[in-house]
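Undergrad: Below is the file start.csv, with CSV, C-alpha atoms and all ligand atoms.
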chain,number,residue,atom,x,y,z
A,1,MET,CA,58.6,84.7,112.2
A,2,ARG,CA,57.0,81.2,112.1
A,3,LYS,CA,58.3,78.8,109.4
A,4,ALA,CA,57.0,75.5,108.2
A,5,ARG,CA,59.0,72.4,108.7
A,6,ILE,CA,58.7,68.8,107.6
A,7,ILE,CA,58.4,66.5,110.7
A,8,GLY,CA,57.5,63.2,109.1
A,9,THR,CA,57.8,61.4,105.8
A,10,GLY,CA,56.2,58.2,104.4
A,11,SER,CA,55.7,56.4,101.1
A,12,THR,CA,54.2,53.4,99.5
A,13,ILE,CA,54.2,51.6,96.2
A,14,PRO,CA,51.9,49.0,94.7
A,15,LYS,CA,53.0,45.4,94.9
A,16,ARG,CA,53.1,44.5,91.2
A,17,VAL,CA,56.4,45.2,89.4
A,18,LEU,CA,56.4,45.7,85.7
A,19,SER,CA,59.9,45.3,84.3
A,20,ASN,CA,61.3,46.6,81.0
A,21,LYS,CA,61.4,43.0,79.9
A,22,ASP,CA,57.6,42.7,80.6
A,23,LEU,CA,57.1,45.8,78.4
A,24,GLU,CA,58.8,44.1,75.5
A,25,SER,CA,55.7,41.9,75.3
A,26,ILE,CA,53.3,44.8,75.2
A,27,VAL,CA,54.9,47.3,72.7
A,28,ASP,CA,57.9,47.4,70.3
A,29,THR,CA,60.6,48.4,72.7
A,30,SER,CA,63.6,47.0,74.5
A,31,ASP,CA,65.2,47.0,78.0
A,32,GLU,CA,68.3,48.5,76.3
A,33,TRP,CA,66.3,51.5,74.8
A,34,ILE,CA,64.4,52.3,77.9
A,35,THR,CA,67.4,52.1,80.2
A,36,ARG,CA,69.6,54.2,77.9
A,37,ARG,CA,67.0,56.9,77.0
A,38,THR,CA,65.3,57.2,80.4
A,39,GLY,CA,67.2,55.4,83.2
A,40,ILE,CA,64.1,53.4,84.1
A,41,LYS,CA,64.4,49.6,84.8
A,42,GLN,CA,61.0,48.9,86.3
A,43,ARG,CA,57.9,50.5,87.6
A,44,HIS,CA,55.1,49.5,90.0
A,45,ILE,CA,51.5,49.1,88.7
A,46,SER,CA,48.5,49.2,91.0
A,47,SER,CA,45.7,46.6,90.9
A,48,ASN,CA,42.0,47.5,91.1
A,49,SER,CA,41.9,46.6,94.8
A,50,SER,CA,40.8,49.4,97.3
A,51,GLU,CA,44.2,49.1,99.0
A,52,GLU,CA,45.9,50.2,95.8
A,53,SER,CA,43.3,52.8,94.8
A,54,THR,CA,44.5,56.5,94.8
A,55,THR,CA,43.0,57.0,98.2
A,56,GLY,CA,44.3,53.6,99.5
A,57,LEU,CA,47.9,54.4,98.4
A,58,ALA,CA,47.6,58.0,99.8
A,59,SER,CA,46.3,56.6,103.1
A,60,ARG,CA,49.2,54.1,103.5
A,61,ALA,CA,51.9,56.7,102.8
A,62,SER,CA,50.1,59.2,105.2
A,63,ILE,CA,49.9,56.7,108.1
A,64,LYS,CA,53.6,56.2,107.9
A,65,ALA,CA,54.4,59.9,107.8
A,66,LEU,CA,52.0,60.6,110.7
A,67,LYS,CA,53.6,57.8,112.7
A,68,MET,CA,57.1,59.2,112.1
A,69,ALA,CA,55.9,62.7,113.1
A,70,GLY,CA,54.1,61.4,116.2
A,71,VAL,CA,51.0,63.3,115.1
A,72,CYS,CA,47.4,62.1,115.6
A,73,PRO,CA,45.1,62.5,112.5
A,74,GLU,CA,42.7,64.6,114.6
A,75,ASP,CA,45.5,67.2,115.2
A,76,LEU,CA,45.7,68.0,111.4
A,77,ASP,CA,44.3,71.4,110.3
A,78,MET,CA,44.8,70.8,106.6
A,79,ILE,CA,45.2,68.0,104.1
A,80,VAL,CA,46.4,68.9,100.6
A,81,VAL,CA,46.8,66.2,98.0
A,82,GLY,CA,48.6,66.6,94.6
A,83,THR,CA,47.2,64.2,92.1
A,84,VAL,CA,45.9,64.0,88.5
A,85,THR,CA,44.6,60.5,88.9
A,86,PRO,CA,42.0,60.7,91.6
A,87,ASP,CA,39.6,57.8,92.2
A,88,LEU,CA,36.6,60.1,91.5
A,89,GLN,CA,36.3,63.5,89.9
A,90,PHE,CA,34.7,64.5,93.2
A,91,PRO,CA,34.8,64.4,96.2
A,92,SER,CA,38.5,65.1,96.3
A,93,THR,CA,41.0,62.4,97.2
A,94,ALA,CA,41.9,64.7,100.1
A,95,CYS,CA,38.4,64.4,101.5
A,96,MET,CA,38.3,60.7,101.0
A,97,LEU,CA,41.7,60.5,102.8
A,98,GLN,CA,40.4,62.7,105.6
A,99,GLU,CA,37.6,60.2,106.2
A,100,GLU,CA,39.9,57.2,106.0
A,101,LEU,CA,42.4,58.7,108.5
A,102,ASN,CA,39.5,60.1,110.7
A,103,ALA,CA,41.3,63.5,110.5
A,104,LYS,CA,38.0,65.2,111.4
A,105,ASN,CA,39.5,68.7,112.1
A,106,ALA,CA,41.3,69.1,108.8
A,107,ALA,CA,40.2,71.2,105.8
A,108,ALA,CA,40.9,69.0,102.8
A,109,PHE,CA,41.4,69.6,99.0
A,110,ASP,CA,43.3,68.4,95.9
A,111,VAL,CA,45.7,70.3,93.7
A,112,SER,CA,46.0,69.5,90.0
A,113,ALA,CA,49.4,70.6,88.8
A,114,GLY,CA,50.7,67.5,87.0
A,115,CYS,CA,54.1,66.3,88.2
A,116,SER,CA,54.5,69.6,90.2
A,117,GLY,CA,51.4,68.7,92.3
A,118,PHE,CA,53.4,67.9,95.4
A,119,LEU,CA,55.5,71.1,95.3
A,120,TYR,CA,52.3,73.2,94.6
A,121,ALA,CA,50.6,71.5,97.7
A,122,LEU,CA,53.7,72.1,99.8
A,123,GLY,CA,53.8,75.8,98.7
A,124,ILE,CA,50.2,76.3,99.8
A,125,VAL,CA,50.8,74.6,103.2
A,126,ASN,CA,54.0,76.6,103.7
A,127,ASN,CA,52.1,79.8,103.3
A,128,ALA,CA,49.2,78.7,105.5
A,129,ILE,CA,51.6,77.8,108.3
A,130,ARG,CA,53.6,81.0,108.0
A,131,CYS,CA,50.5,83.2,108.1
A,132,GLY,CA,49.2,81.3,111.2
A,133,SER,CA,46.0,79.9,109.6
A,134,CYS,CA,47.3,76.3,110.0
A,135,ARG,CA,49.4,74.6,112.6
A,136,LEU,CA,49.8,71.0,111.3
A,137,ALA,CA,49.2,69.8,107.8
A,138,LEU,CA,49.5,66.7,105.7
A,139,VAL,CA,50.9,67.0,102.2
A,140,VAL,CA,50.5,64.1,99.8
A,141,GLY,CA,51.6,63.3,96.2
A,142,VAL,CA,49.8,60.2,94.9
A,143,GLU,CA,49.4,58.9,91.4
A,144,ARG,CA,48.1,55.9,89.5
A,145,LEU,CA,49.4,56.8,86.1
A,146,SER,CA,48.8,53.2,84.9
A,147,SER,CA,45.1,54.1,84.9
A,148,ILE,CA,45.6,56.8,82.2
A,149,THR,CA,48.4,55.2,80.3
A,150,ASN,CA,48.1,54.5,76.6
A,151,TRP,CA,49.4,50.9,76.6
A,152,GLN,CA,49.8,51.1,72.8
A,153,ASP,CA,52.1,54.1,72.8
A,154,ARG,CA,55.7,53.0,73.4
A,155,SER,CA,56.9,56.6,73.7
A,156,THR,CA,54.9,57.1,77.0
A,157,CYS,CA,53.9,53.7,78.4
A,158,VAL,CA,57.5,52.8,79.3
A,159,LEU,CA,57.9,55.9,81.4
A,160,LEU,CA,55.0,55.8,83.9
A,161,GLY,CA,54.5,54.2,87.3
A,162,ASP,CA,52.3,54.3,90.4
A,163,GLY,CA,52.9,55.3,94.1
A,164,ALA,CA,52.4,57.7,96.9
A,165,GLY,CA,54.4,59.8,99.2
A,166,ALA,CA,53.4,62.0,102.1
A,167,VAL,CA,54.9,64.5,104.6
A,168,VAL,CA,53.6,66.0,107.8
A,169,VAL,CA,54.3,69.7,108.1
A,170,GLY,CA,54.6,71.5,111.4
A,171,SER,CA,56.2,74.8,112.4
A,172,THR,CA,59.3,76.3,113.9
A,173,THR,CA,60.4,79.7,115.1
A,174,LYS,CA,64.0,79.0,114.1
A,175,HIS,CA,65.6,79.8,110.7
A,176,ALA,CA,65.0,76.2,109.6
A,177,GLY,CA,62.5,74.0,107.7
A,178,ILE,CA,61.0,75.3,104.5
A,179,LEU,CA,63.0,78.4,103.6
A,180,SER,CA,61.0,79.2,100.4
A,181,THR,CA,58.7,77.7,97.8
A,182,HIS,CA,58.6,78.9,94.1
A,183,LEU,CA,55.8,78.0,91.7
A,184,LYS,CA,55.4,78.9,88.0
A,185,SER,CA,53.1,77.9,85.1
A,186,ASP,CA,52.7,78.5,81.4
A,187,GLY,CA,49.3,77.3,80.0
A,188,SER,CA,50.4,78.0,76.5
A,189,LEU,CA,52.5,74.9,76.7
A,190,GLY,CA,49.6,72.7,77.9
A,191,LYS,CA,49.7,70.6,74.7
A,192,LEU,CA,53.1,69.2,75.5
A,193,LEU,CA,51.5,66.9,78.1
A,194,TYR,CA,47.8,66.4,78.5
A,195,SER,CA,45.1,63.8,78.9
A,196,SER,CA,42.9,62.9,75.9
A,197,GLU,CA,39.5,61.1,75.9
A,198,GLY,CA,39.3,57.5,74.7
A,199,LYS,CA,39.6,54.2,76.4
A,200,ILE,CA,42.6,52.1,75.6
A,201,ARG,CA,42.5,48.3,76.1
A,202,ALA,CA,44.7,47.0,78.9
A,203,PRO,CA,47.5,44.7,77.8
A,204,LYS,CA,47.0,41.0,78.5
A,205,ILE,CA,49.5,40.8,81.3
A,206,LEU,CA,47.8,43.6,83.1
A,207,ARG,CA,44.1,42.6,83.0
A,208,ASN,CA,43.2,43.6,86.5
A,209,ILE,CA,44.1,47.3,86.3
A,210,ASP,CA,41.6,50.1,86.5
A,211,LEU,CA,41.7,52.0,83.2
A,212,LYS,CA,40.0,55.4,82.9
A,213,PRO,CA,38.3,56.7,79.8
A,214,PHE,CA,41.2,59.0,78.9
A,215,HIS,CA,44.9,58.6,78.5
A,216,LEU,CA,48.1,60.6,78.6
A,217,LYS,CA,49.6,62.3,75.5
A,218,MET,CA,53.0,63.8,75.3
A,219,GLU,CA,55.3,65.6,72.9
A,220,GLY,CA,58.4,64.1,74.6
A,221,ASN,CA,61.1,65.7,72.7
A,222,ARG,CA,59.9,69.4,73.1
A,223,LEU,CA,59.0,68.7,76.7
A,224,PHE,CA,62.4,67.4,77.4
A,225,LYS,CA,64.1,70.6,76.4
A,226,LYS,CA,61.5,72.8,78.1
A,227,ALA,CA,61.8,70.7,81.3
A,228,VAL,CA,65.6,71.1,81.5
A,229,ALA,CA,65.3,74.9,81.0
A,230,CYS,CA,62.4,75.3,83.5
A,231,LEU,CA,64.1,73.2,86.2
A,232,THR,CA,67.4,75.0,85.8
A,233,SER,CA,65.9,78.5,86.0
A,234,ILE,CA,63.6,77.8,89.0
A,235,ALA,CA,66.4,76.1,90.9
A,236,LYS,CA,68.6,79.1,90.4
A,237,GLU,CA,65.8,81.4,91.5
A,238,ALA,CA,65.2,79.4,94.7
A,239,LEU,CA,68.9,79.3,95.6
A,240,GLN,CA,69.4,83.0,94.9
A,241,GLN,CA,66.4,84.0,97.0
A,242,ASN,CA,68.1,82.3,100.0
A,243,SER,CA,71.6,83.7,99.2
A,244,LEU,CA,72.8,80.2,98.6
A,245,PHE,CA,75.0,78.8,95.9
A,246,SER,CA,75.1,75.3,94.2
A,247,LYS,CA,78.0,74.3,96.5
A,248,ASP,CA,75.7,74.9,99.5
A,249,VAL,CA,73.2,72.2,98.4
A,250,GLU,CA,73.8,69.0,100.3
A,251,LEU,CA,71.1,67.1,98.4
A,252,MET,CA,68.9,67.8,95.4
A,253,ILE,CA,65.7,65.8,95.1
A,254,PRO,CA,64.4,66.3,91.6
A,255,HIS,CA,61.2,65.1,90.0
A,256,GLN,CA,62.1,61.7,88.5
A,257,ALA,CA,61.0,62.0,84.8
A,258,ASN,CA,64.1,61.0,82.9
A,259,ILE,CA,67.7,60.4,84.1
A,260,ARG,CA,68.9,62.5,81.2
A,261,ILE,CA,66.8,65.5,82.2
A,262,ILE,CA,68.1,65.2,85.8
A,263,LYS,CA,71.7,65.0,84.7
A,264,ALA,CA,71.4,67.9,82.2
A,265,MET,CA,69.8,70.1,85.0
A,266,ALA,CA,72.5,69.1,87.5
A,267,ASP,CA,75.2,69.9,85.0
A,268,ASN,CA,73.7,73.3,84.3
A,269,LEU,CA,73.6,74.0,88.1
A,270,LYS,CA,77.0,72.5,88.7
A,271,ILE,CA,75.6,70.2,91.3
A,272,PRO,CA,77.8,67.0,91.4
A,273,ALA,CA,76.1,63.6,90.8
A,274,ASP,CA,76.7,62.3,94.3
A,275,LYS,CA,74.4,65.2,95.6
A,276,VAL,CA,71.5,64.2,93.4
A,277,PHE,CA,69.0,61.7,94.7
A,278,ILE,CA,67.9,59.3,92.0
A,279,ASN,CA,65.4,56.4,92.3
A,280,ILE,CA,63.9,56.5,88.8
A,281,HIS,CA,65.3,53.1,87.9
A,282,LYS,CA,62.9,51.5,90.5
A,283,TYR,CA,59.7,53.5,90.0
A,284,GLY,CA,59.7,55.3,86.7
A,285,ASN,CA,57.9,58.6,86.5
A,286,THR,CA,55.3,58.6,89.3
A,287,SER,CA,54.3,62.3,88.7
A,288,SER,CA,53.4,64.2,91.9
A,289,ALA,CA,54.4,61.2,94.0
A,290,SER,CA,58.0,61.2,92.8
A,291,ILE,CA,59.4,63.8,95.1
A,292,PRO,CA,57.8,62.7,98.4
A,293,ILE,CA,58.7,59.0,97.6
A,294,ALA,CA,62.3,60.1,97.0
A,295,MET,CA,62.3,62.3,100.1
A,296,ASP,CA,61.1,59.5,102.2
A,297,GLU,CA,63.7,57.1,100.8
A,298,ALA,CA,66.5,59.7,101.4
A,299,ASN,CA,65.2,60.1,104.9
A,300,GLN,CA,65.2,56.4,105.5
A,301,GLN,CA,68.8,56.2,104.2
A,302,GLY,CA,69.9,58.9,106.6
A,303,LEU,CA,70.7,61.4,103.8
A,304,LEU,CA,68.6,64.2,105.2
A,305,VAL,CA,70.9,65.4,108.0
A,306,GLN,CA,70.1,68.2,110.5
A,307,GLY,CA,70.9,71.7,109.0
A,308,ALA,CA,71.5,70.3,105.4
A,309,HIS,CA,70.2,72.4,102.5
A,310,ILE,CA,67.8,70.3,100.4
A,311,LEU,CA,66.7,71.5,97.0
A,312,LEU,CA,63.4,70.1,95.6
A,313,VAL,CA,62.6,70.8,92.0
A,314,SER,CA,59.9,69.6,89.6
A,315,VAL,CA,58.2,70.2,86.2
A,316,GLY,CA,55.0,68.8,84.8
A,317,ALA,CA,51.7,69.1,82.9
A,318,GLY,CA,50.3,72.6,82.7
A,319,LEU,CA,53.1,73.4,82.1
A,320,THR,CA,53.8,73.8,85.8
A,321,TRP,CA,57.1,73.9,87.6
A,322,GLY,CA,58.3,74.6,91.1
A,323,ALA,CA,61.2,74.5,93.6
A,324,SER,CA,61.7,74.6,97.3
A,325,VAL,CA,64.7,75.1,99.5
A,326,LEU,CA,64.7,73.3,102.9
A,327,LYS,CA,67.0,73.6,105.8
A,328,TRP,CA,66.4,70.1,107.2
A,329,SER,CA,65.2,70.1,110.8
A,330,MET,CA,63.2,67.1,112.0
B,1,LIG,O1,57.1,64.3,84.1
B,1,LIG,C1,56.7,65.4,83.3
B,1,LIG,C2,57.8,65.7,82.5
B,1,LIG,N1,58.1,64.6,81.5
B,1,LIG,C3,59.1,64.8,80.8
B,1,LIG,O2,59.8,65.8,80.9
B,1,LIG,C4,59.5,63.8,79.7
B,1,LIG,C5,60.3,64.4,78.7
B,1,LIG,N2,60.7,63.6,77.5
B,1,LIG,C6,61.5,62.5,77.6
B,1,LIG,O3,61.8,62.0,78.6
B,1,LIG,C7,62.0,61.9,76.3
B,1,LIG,O4,61.6,62.8,75.2
B,1,LIG,C8,61.4,60.5,76.0
B,1,LIG,C9,62.0,59.4,76.9
B,1,LIG,C10,59.9,60.5,76.1
B,1,LIG,C11,61.8,60.1,74.6
B,1,LIG,O5,63.2,60.1,74.4
B,1,LIG,P1,63.9,60.8,73.2
B,1,LIG,O6,65.3,60.6,73.3
B,1,LIG,O7,63.3,62.2,73.2
B,1,LIG,O8,63.4,60.0,72.0
B,1,LIG,P2,62.5,60.5,70.7
B,1,LIG,O9,61.1,60.8,71.1
B,1,LIG,O10,63.3,61.5,70.0
B,1,LIG,O11,62.5,59.2,69.8
B,1,LIG,C12,63.8,58.6,69.3
B,1,LIG,C13,63.4,57.3,68.6
B,1,LIG,C14,62.2,57.4,67.7
B,1,LIG,O12,62.5,56.6,66.6
B,1,LIG,P3,62.9,57.2,65.1
B,1,LIG,O13,61.9,58.1,64.7
B,1,LIG,O14,64.3,57.9,65.4
B,1,LIG,O15,63.1,56.0,64.3
B,1,LIG,C15,61.1,56.8,68.5
B,1,LIG,O16,60.1,56.2,67.7
B,1,LIG,O17,63.1,56.4,69.6
B,1,LIG,C16,61.8,55.7,69.3
B,1,LIG,N3,61.2,55.4,70.5
B,1,LIG,C17,61.4,54.2,71.1
B,1,LIG,N4,62.1,53.1,70.7
B,1,LIG,C18,62.0,52.0,71.5
B,1,LIG,C19,60.3,56.1,71.3
B,1,LIG,N5,60.0,55.4,72.3
B,1,LIG,C20,60.6,54.2,72.2
B,1,LIG,C21,60.6,53.0,73.0
B,1,LIG,N6,61.3,52.0,72.6
B,1,LIG,N7,59.8,52.9,74.2
Show me, as structure tokens, the structure contained in the file I just sent.
Ligand code: UT7
TA:
Amino acid sequence: MRKARIIGTGSTIPKRVLSNKDLESIVDTSDEWITRRTGIKQRHISSNSSEESTTGLASRASIKALKMAGVCPEDLDMIVVGTVTPDLQFPSTACMLQEELNAKNAAAFDVSAGCSGFLYALGIVNNAIRCGSCRLALVVGVERLSSITNWQDRSTCVLLGDGAGAVVVGSTTKHAGILSTHLKSDGSLGKLLYSSEGKIRAPKILRNIDLKPFHLKMEGNRLFKKAVACLTSIAKEALQQNSLFSKDVELMIPHQANIRIIKAMADNLKIPADKVFINIHKYGNTSSASIPIAMDEANQQGLLVQGAHILLVSVGAGLTWGASVLKWSM
């Protein structure tokens, strides 16, 4: 049976760095609190230039992934973009990206699944490739959370950042690539993390950002506990379905929401710290972009070795959560 496999990765982040120290001038917070409670030291914030629009970031990450894969945009059958911060309500970011890449043979659409957007998109593409309706696809996670940040709310504005990651997905007839994808949701928990109408003023030091007329609201404490439980249970389900144990995982790449969430989940799963990929200190929570950015960095660092079992796991607004087990084969 045909399986899907990742054949190229790419990522990009906006130029501007916003440090914890910078945030001290915006809200009543401290570098010490942010570092201790979240693991975040800085995040990147996009400007209102077209290069750093949602489509612009998606395009830059995609070009890198396509180049690594050696795939021409015209060869893509499908583009799926996970995002909750599109440039426009419609057309989709995926369609705007299709135009920018000149991927004229690809069907293109967005997926809204909060921080699980990338894994939802990967799940769709995995199934499309397995059933033969798609040969080559581009999966993107891109977010400009700075555009929906409440810059007066210290409990959320310190967490969020912008960026994009992309993977090109092809196929294989071997027992390799994407072994399984697992997706779940619970709409009754939607109020733990949602977007609310109302425009918030941009802080003085960030005058040139593009603020949307709504912003993010979160019940951090309850979400924290739920996140740990959801991530643990779906990671266990994913391993079990592939007859794998925690000791078989060479690298776990979790959604980067909070270092304490990642550590609690890894402890529950008995996955040692040196097998957990972490880059939250550099980018904060970039929602659906966090896993593909981390995957690209792990790839660049040579951590994704042939045959290694890689566990991807995420949780986000919806509530949505997901996991995927890969047997790396590039
Ligand atoms: O990506 C989707 C999934 N996202 C998540 O899963 C995020 C889940 N939640 C979290 O990561 C954490 O709940 C937060 C980082 C948001 C908050 O950490 P916490 O340890 O749960 O803190 P808390 O909300 O219980 O607040 C503790 C104290 C409060 O003060 P009092 O009431 O004890 O006096 C807050 O007002 O920390 C205060 N606080 C802050 N202090 C300094 C909250 N935010 C800040 C801040 N700086 N930025």
Undergrad: Name the closest residue to ligand LIG 1 (chain B) among the candidates A:Lys236, A:Arg36, A:Arg130, A:Lys174; distances are taken between atoms, counting all atoms listed in the file.
TA: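 The closest residue to ligand LIG 1 (chain B) is A:Arg36.
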Undergrad: Neighbours of region 47-64 of chain A within 6 Å (all atoms listed in the file; same-chain residues fewer than 4 positions away dropped), as a list of chain:residue names?
TA: A:Gly10, A:Ser11, A:Thr12, A:Pro86, A:Asp87, A:Thr93, A:Leu97, A:Val142, A:Ala164, A:Gly165, A:Ala166, A:Asn208, A:Ile209, A:Asp210
Undergrad: Set up a box along x, y and z of the file covering all listed atoms of ligand LIG 1 (chain B), add 6 Å on every one of the six sides, and write the centre and edge lengths in Å to one decimal, as AutoDock Vina command-line options.
TA:
--center_x 61.0 --center_y 58.9 --center_z 74.2 --size_x 20.6 --size_y 25.8 --size_z 31.8
Undergrad: For a quick check of understanding, using all atoms listed in the file, which of A:Ala128, A:Ala323, A:Leu160, A:Ala227 has the smallest distance to ligand LIG 1 (chain B)?
TA: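 Result for the nearest residue to ligand LIG 1 (chain B): A:Ala227.
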Undergrad: For each of A:Trp328, A:Phe109, A:Phe224, A:Tyr120, take the minimum atom-to-atom distance to Arg37 (chain A), counting only C-alpha atoms, then give the residue where this is smallest.
TA: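 The closest residue to Arg37 (chain A) is A:Phe224.
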